[in-house]
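Beneath this line is the structure, given in structure tokens, with notes to follow.
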Amino acid sequence: MTSRGATGEVFDLGYQRYAGPREGRSRARRALFWDGVRTALGLGRGASQKVLPWGFIAVAMGPAVVLIVVAALASQIGNTGDVLEDLANRSYYQFAFTPLLLFASTVAPALLCPDRRERVIALYLVRPLSSMDYLTARILAFFAISLAVAYLPQVLIFASLSLSTDEPLRYLREQWLEVPRFLAAGFVVAAFTTSLGMAAASLTERRPVAAVIAIGFVIGTSTLFGIASSTSGGDIGRYLELLQPPVAVIRANDWIFGQPVERVPGPAYFGATTAFTVALLALLWTRYRRLAA
Amino acid sequence: MAILLRATGLTKRFGSTLALDSVDFEVLEGITGLLGANGAGKTTALRLFLGLIEPDSGKAEFLGAATSDPIMARERIGYMPEHDCLPSSVTAAEFLTHMAQISGLPPHEARVRSTDVLRHVGIDEERYRPMGSYSTGMKQRVKLAQAIVHDPLLVLLDEPTAGLDPVGRQEMLELIRRTGHDFGISIVLSSHLMGDVERTCDHVIVLDGGRVAQQGAIEQFTEETETLVVQVHEGLEALVESLARRNIQTSVDGASVIVQGVGQATYDAVRDSVVESGALLYRLAPRRHTLGEVFRTR
């Protein structure tokens, strides 16, 4: 209650010096990581910036939803069957690789291109942060999202298949080996698509151009080495297949799930996928070392 | 007065171009102007102190420590670049909170500092608008705000009045003066505009072709002359005639009368002449040299 005649005073405290905690480089890295996650998903941004990421996430989740519905219907009939299980965990990335690739090609550049085009990076590099801290935080932010997009459908499928059987615990005991396999396969796919999207983004300041470079790289190498592989024949022809990124990634996935792999030994596909990922990250690293200088 | 920055034999070469040639200078607390034409080595000096580039020889020190490990030093330095550097789709409030965290402040403190600092630079309700819709003056204010949001000991401003109209430029210089004198944040103001440095800074370091041409307190260069400056709105000619009748030597410089002598008799003569002529006096002060005059005569 205010008494009659009471007067208030407004104090202008003026500029206040900051005497609170300073958390240095670790805070800077975390802030960049979370900013990367928000940027990639369009969180706190307009609706137009949410369309691409959430659209591709929905497409990547699509096969899982279909499989879960089929599994539910099959369980009504009696048995989900081995074919459905194969389709589920073991072959999932054959369906999901394309949406994951498109997701990385179109969304990952949002974490790097605008910072260079609008020269915000000049402000980051004069703070308690090295250029490699910046790059690592951005890569990890997109990799974390890619990993979540790769794992979530697998987790849902696994849970759905186990719940659609009469004895879910028995199913889990029998199929537990699938879990480390889909974790490993998802890691390989997410690492490749992340490094591709990010490396393409390091070559240009324009997001659409970066997307074209990433998708063009996959289509170009697949077409070129696909023709070379089929025309060469023999050992050279077989091993040229390793230079086609989609083939290498999907065959590496088959090898991880213990599926028979034709033409070239499974570890070679895994090695080729790893080599692609490392080479793309090296390109990214080199570009940003040059930028920092 | 503490030494914040010290350059000792600082040399930097880009290919065949010698950007800085064994430069020695110190930056003290307060506002220091780094004055020089384009290509004089100002931006190179700032980049060396920020640890963005390595010197070919010599040392660039911040608070007595070499900035060869700049990461921690940057916690207490702010930087406002000359070029555009603000993300157009983000609001000033969100951007400043983010940059405060990038400078090491926890999230809650970053939000509070962001609001306070934006208010101090004159961005109030506009802080919730995307920065792409801001005028050049508002963008310059946000650029300054991001440089001081983490409350640095020293802030390096690279051509902060670039692209501003005369009113915007005046407001920016006033804001820089407040930041230096009222907020207590020391400033290095890099500029090619002598007037900006003269009006804003306590000290000046003049770079010319990668070498230090002059350095010292502004007052040292702009010492008082033996003249008075009398500015009037109306009655300039009548005033000059009245002063001449009193045997006072004068010259006219635009809307001002420059009066020789600074003794009591001169002040009395000016007072009497103003009354006699009916001129509308609005300024009477001892005249100082301008930096421009100093450098033209040396």
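Residues in the structure tokens are numbered from 1 in each chain, the chains being A, B, ... in the order shown, and ligands are numbered from 1 in the order shown.
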Residues of chain B within 10 Å of chain A, only C-alpha atoms counted, as number ranges by chain:
B: 47, 50-54, 70-81, 83-91, 94, 97-107, 109, 113, 116-117, 119-120, 143, 146-147, 149-152, 178-179, 182-185
Enumerate, as an NGL selection string, the complete set of residues in segment 63-196 of chain A that a backbone-based DSSP assignment places in alpha helix (DSSP H).
:A and (63-77 or 81-85 or 92-107 or 113-117 or 121-124 or 131-163 or 168-175 or 178-196)
Report, in Å to a single decimal, how far apart atom CA of Gly197 of chain A and atom CA of Thr277 of chain A are.
10.7 Å
Among the residues of segment 43-235 of chain B, find those DSSP assigns to strand (DSSP E) from the backbone and print them as a ChimeraX atom specification.
/B:57-62,65-66,77-80,154-158,186-191,203-208,211-217,224-232
Distance query Thr223 of chain A at most 12 Å, only C-alpha atoms, self and fewer than 4 positions along chain excluded, as a list of chain:residue names
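Everything that qualifies: A:Gly216, A:Phe217, A:Val218, A:Ile219, A:Ile227, A:Ala228, A:Ser229, A:Ser230, A:Leu240, A:Glu241, A:Leu243, A:Gln244, A:Pro245, A:Pro246, A:Val247.
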What does the file look like for those residues with all heavy atoms, as a compact mmCIF listing (two decimals), in the first residue's frame?
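What landed in again33.txt:
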# COMPACT_ATOMS: atom_id res chain seq x y z
N GLY A 216 26.61 -32.70 -55.60
CA GLY A 216 27.35 -32.91 -56.85
C GLY A 216 28.54 -33.84 -56.66
O GLY A 216 28.84 -34.67 -57.53
N PHE A 217 29.19 -33.74 -55.51
CA PHE A 217 30.34 -34.61 -55.22
C PHE A 217 29.90 -36.07 -55.19
O PHE A 217 30.54 -36.94 -55.80
CB PHE A 217 30.97 -34.21 -53.87
CG PHE A 217 32.01 -35.17 -53.38
CD1 PHE A 217 33.29 -35.17 -53.92
CD2 PHE A 217 31.71 -36.09 -52.38
CE1 PHE A 217 34.25 -36.07 -53.46
CE2 PHE A 217 32.66 -36.98 -51.92
CZ PHE A 217 33.94 -36.97 -52.47
N VAL A 218 28.79 -36.32 -54.50
CA VAL A 218 28.31 -37.70 -54.38
C VAL A 218 27.85 -38.23 -55.74
O VAL A 218 28.24 -39.34 -56.15
CB VAL A 218 27.15 -37.77 -53.35
CG1 VAL A 218 26.52 -39.16 -53.36
CG2 VAL A 218 27.66 -37.44 -51.96
N ILE A 219 27.07 -37.43 -56.46
CA ILE A 219 26.57 -37.89 -57.76
C ILE A 219 27.73 -38.03 -58.76
O ILE A 219 27.85 -39.02 -59.48
CB ILE A 219 25.50 -36.91 -58.31
CG1 ILE A 219 24.26 -36.95 -57.43
CG2 ILE A 219 25.14 -37.24 -59.76
CD1 ILE A 219 23.20 -35.92 -57.78
N ILE A 227 30.87 -45.90 -63.76
CA ILE A 227 31.16 -46.23 -65.18
C ILE A 227 32.54 -46.88 -65.28
O ILE A 227 32.71 -47.91 -65.94
CB ILE A 227 31.09 -44.94 -66.04
CG1 ILE A 227 29.65 -44.40 -66.07
CG2 ILE A 227 31.60 -45.21 -67.45
CD1 ILE A 227 29.51 -43.01 -66.66
N ALA A 228 33.51 -46.27 -64.56
CA ALA A 228 34.88 -46.81 -64.63
C ALA A 228 34.91 -48.23 -64.08
O ALA A 228 35.59 -49.11 -64.64
CB ALA A 228 35.82 -45.92 -63.82
N SER A 229 34.16 -48.47 -63.02
CA SER A 229 34.14 -49.80 -62.40
C SER A 229 33.54 -50.84 -63.35
O SER A 229 34.08 -51.93 -63.50
CB SER A 229 33.33 -49.72 -61.11
OG SER A 229 33.11 -50.99 -60.58
N SER A 230 32.43 -50.47 -64.00
CA SER A 230 31.76 -51.45 -64.87
C SER A 230 32.52 -51.67 -66.18
O SER A 230 32.46 -52.76 -66.75
CB SER A 230 30.32 -51.03 -65.15
OG SER A 230 30.31 -49.74 -65.71
N LEU A 240 37.36 -50.11 -57.78
CA LEU A 240 36.89 -48.74 -58.09
C LEU A 240 35.54 -48.45 -57.43
O LEU A 240 35.17 -47.30 -57.22
CB LEU A 240 36.79 -48.55 -59.61
CG LEU A 240 38.10 -48.20 -60.33
CD1 LEU A 240 37.88 -48.18 -61.85
CD2 LEU A 240 38.63 -46.85 -59.86
N GLU A 241 34.83 -49.51 -57.09
CA GLU A 241 33.54 -49.35 -56.41
C GLU A 241 33.71 -48.64 -55.05
O GLU A 241 32.79 -47.99 -54.57
CB GLU A 241 32.92 -50.73 -56.20
CG GLU A 241 31.42 -50.70 -56.04
CD GLU A 241 30.84 -52.09 -55.95
OE1 GLU A 241 30.95 -52.72 -54.89
OE2 GLU A 241 30.26 -52.54 -56.96
N LEU A 243 35.34 -46.12 -54.48
CA LEU A 243 35.39 -44.66 -54.64
C LEU A 243 34.01 -44.05 -54.87
O LEU A 243 33.90 -42.86 -55.14
CB LEU A 243 36.34 -44.30 -55.79
CG LEU A 243 37.79 -44.72 -55.56
CD1 LEU A 243 38.63 -44.43 -56.79
CD2 LEU A 243 38.37 -44.03 -54.34
N GLN A 244 32.98 -44.90 -54.80
CA GLN A 244 31.60 -44.38 -54.89
C GLN A 244 31.05 -44.24 -53.48
O GLN A 244 30.73 -45.25 -52.83
CB GLN A 244 30.72 -45.34 -55.70
CG GLN A 244 31.24 -45.57 -57.12
CD GLN A 244 30.45 -46.69 -57.80
OE1 GLN A 244 29.25 -46.62 -57.94
NE2 GLN A 244 31.16 -47.72 -58.21
N PRO A 245 30.94 -43.02 -52.95
CA PRO A 245 30.59 -42.86 -51.52
C PRO A 245 29.33 -43.60 -51.08
O PRO A 245 29.37 -44.30 -50.06
CB PRO A 245 30.45 -41.34 -51.37
CG PRO A 245 31.30 -40.77 -52.44
CD PRO A 245 31.22 -41.73 -53.58
N PRO A 246 28.20 -43.51 -51.83
CA PRO A 246 27.00 -44.20 -51.33
C PRO A 246 27.20 -45.72 -51.23
O PRO A 246 26.76 -46.35 -50.27
CB PRO A 246 25.93 -43.87 -52.37
CG PRO A 246 26.43 -42.68 -53.10
CD PRO A 246 27.91 -42.79 -53.08
N VAL A 247 27.89 -46.28 -52.25
CA VAL A 247 28.13 -47.73 -52.24
C VAL A 247 29.01 -48.09 -51.04
O VAL A 247 28.72 -49.04 -50.29
CB VAL A 247 28.81 -48.17 -53.56
CG1 VAL A 247 29.17 -49.65 -53.50
CG2 VAL A 247 27.90 -47.87 -54.74
Have a look at A:Ala159, A:Ala144, A:Leu172, A:Leu135 and name the one nearest to Ala72 of chain A; count only C-alpha atoms.
A:Ala159
Excluding Gly30 of chain B and residues on its chain fewer than 3 positions from it, collect all residues at most 7 Å away from it, counting only C-alpha atoms, and give them as a VMD selection string.
chain B and resid 180 186 to 187 202
Could you take the residues named above and write them with all heavy atoms, as a PDB file, in the first residue's frame?
ATOM      1  N   GLY B 180      34.960   5.543 -22.591  1.00  0.00           N
ATOM      2  CA  GLY B 180      36.310   5.694 -22.044  1.00  0.00           C
ATOM      3  C   GLY B 180      36.318   6.390 -20.701  1.00  0.00           C
ATOM      4  O   GLY B 180      37.003   5.941 -19.771  1.00  0.00           O
ATOM      5  N   SER B 186      39.321   1.405 -21.064  1.00  0.00           N
ATOM      6  CA  SER B 186      40.323   2.073 -21.898  1.00  0.00           C
ATOM      7  C   SER B 186      40.085   1.727 -23.367  1.00  0.00           C
ATOM      8  O   SER B 186      39.567   0.655 -23.683  1.00  0.00           O
ATOM      9  CB  SER B 186      41.726   1.656 -21.479  1.00  0.00           C
ATOM     10  OG  SER B 186      41.983   2.151 -20.186  1.00  0.00           O
ATOM     11  N   ILE B 187      40.466   2.644 -24.220  1.00  0.00           N
ATOM     12  CA  ILE B 187      40.136   2.502 -25.650  1.00  0.00           C
ATOM     13  C   ILE B 187      41.357   2.812 -26.517  1.00  0.00           C
ATOM     14  O   ILE B 187      42.108   3.736 -26.209  1.00  0.00           O
ATOM     15  CB  ILE B 187      38.996   3.484 -26.023  1.00  0.00           C
ATOM     16  CG1 ILE B 187      37.689   3.068 -25.327  1.00  0.00           C
ATOM     17  CG2 ILE B 187      38.778   3.560 -27.532  1.00  0.00           C
ATOM     18  CD1 ILE B 187      36.563   4.061 -25.496  1.00  0.00           C
ATOM     19  N   ASP B 202      42.792  11.076 -25.324  1.00  0.00           N
ATOM     20  CA  ASP B 202      43.695  11.701 -24.372  1.00  0.00           C
ATOM     21  C   ASP B 202      45.136  11.630 -24.897  1.00  0.00           C
ATOM     22  O   ASP B 202      45.961  12.480 -24.594  1.00  0.00           O
ATOM     23  CB  ASP B 202      43.653  10.961 -23.027  1.00  0.00           C
ATOM     24  CG  ASP B 202      42.230  10.764 -22.536  1.00  0.00           C
ATOM     25  OD1 ASP B 202      41.456  11.725 -22.610  1.00  0.00           O
ATOM     26  OD2 ASP B 202      41.895   9.639 -22.109  1.00  0.00           O
TER      27      ASP B 202
END
At a cut-off of 10 Å, using only C-alpha atoms, what residues contact Trp255 of chain A? Leave out same-chain residues fewer than 6 positions from it and give the result as a VMD selection string.
chain A and resid 90 181 185 249 261 265 to 270
Contacts of Ile218 of chain B at 10 Å (only C-alpha atoms; same-chain gap of 6+ positions) as a list in words
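Non-adjacent residues within range: Thr32, Gly33, Val197, Glu198, Arg199, Thr200, Cys201, Asp202, His203, Val204, Ile205, Thr290 and Leu291 of chain B.
Once Ala269 of chain B and its same-chain neighbours fewer than 4 positions away are set aside, B:Leu243, B:Arg246, B:Ile248, B:Gln264, B:Ala265, B:Ser273, B:Val274 remain within 9 Å of it when counting only C-alpha atoms.
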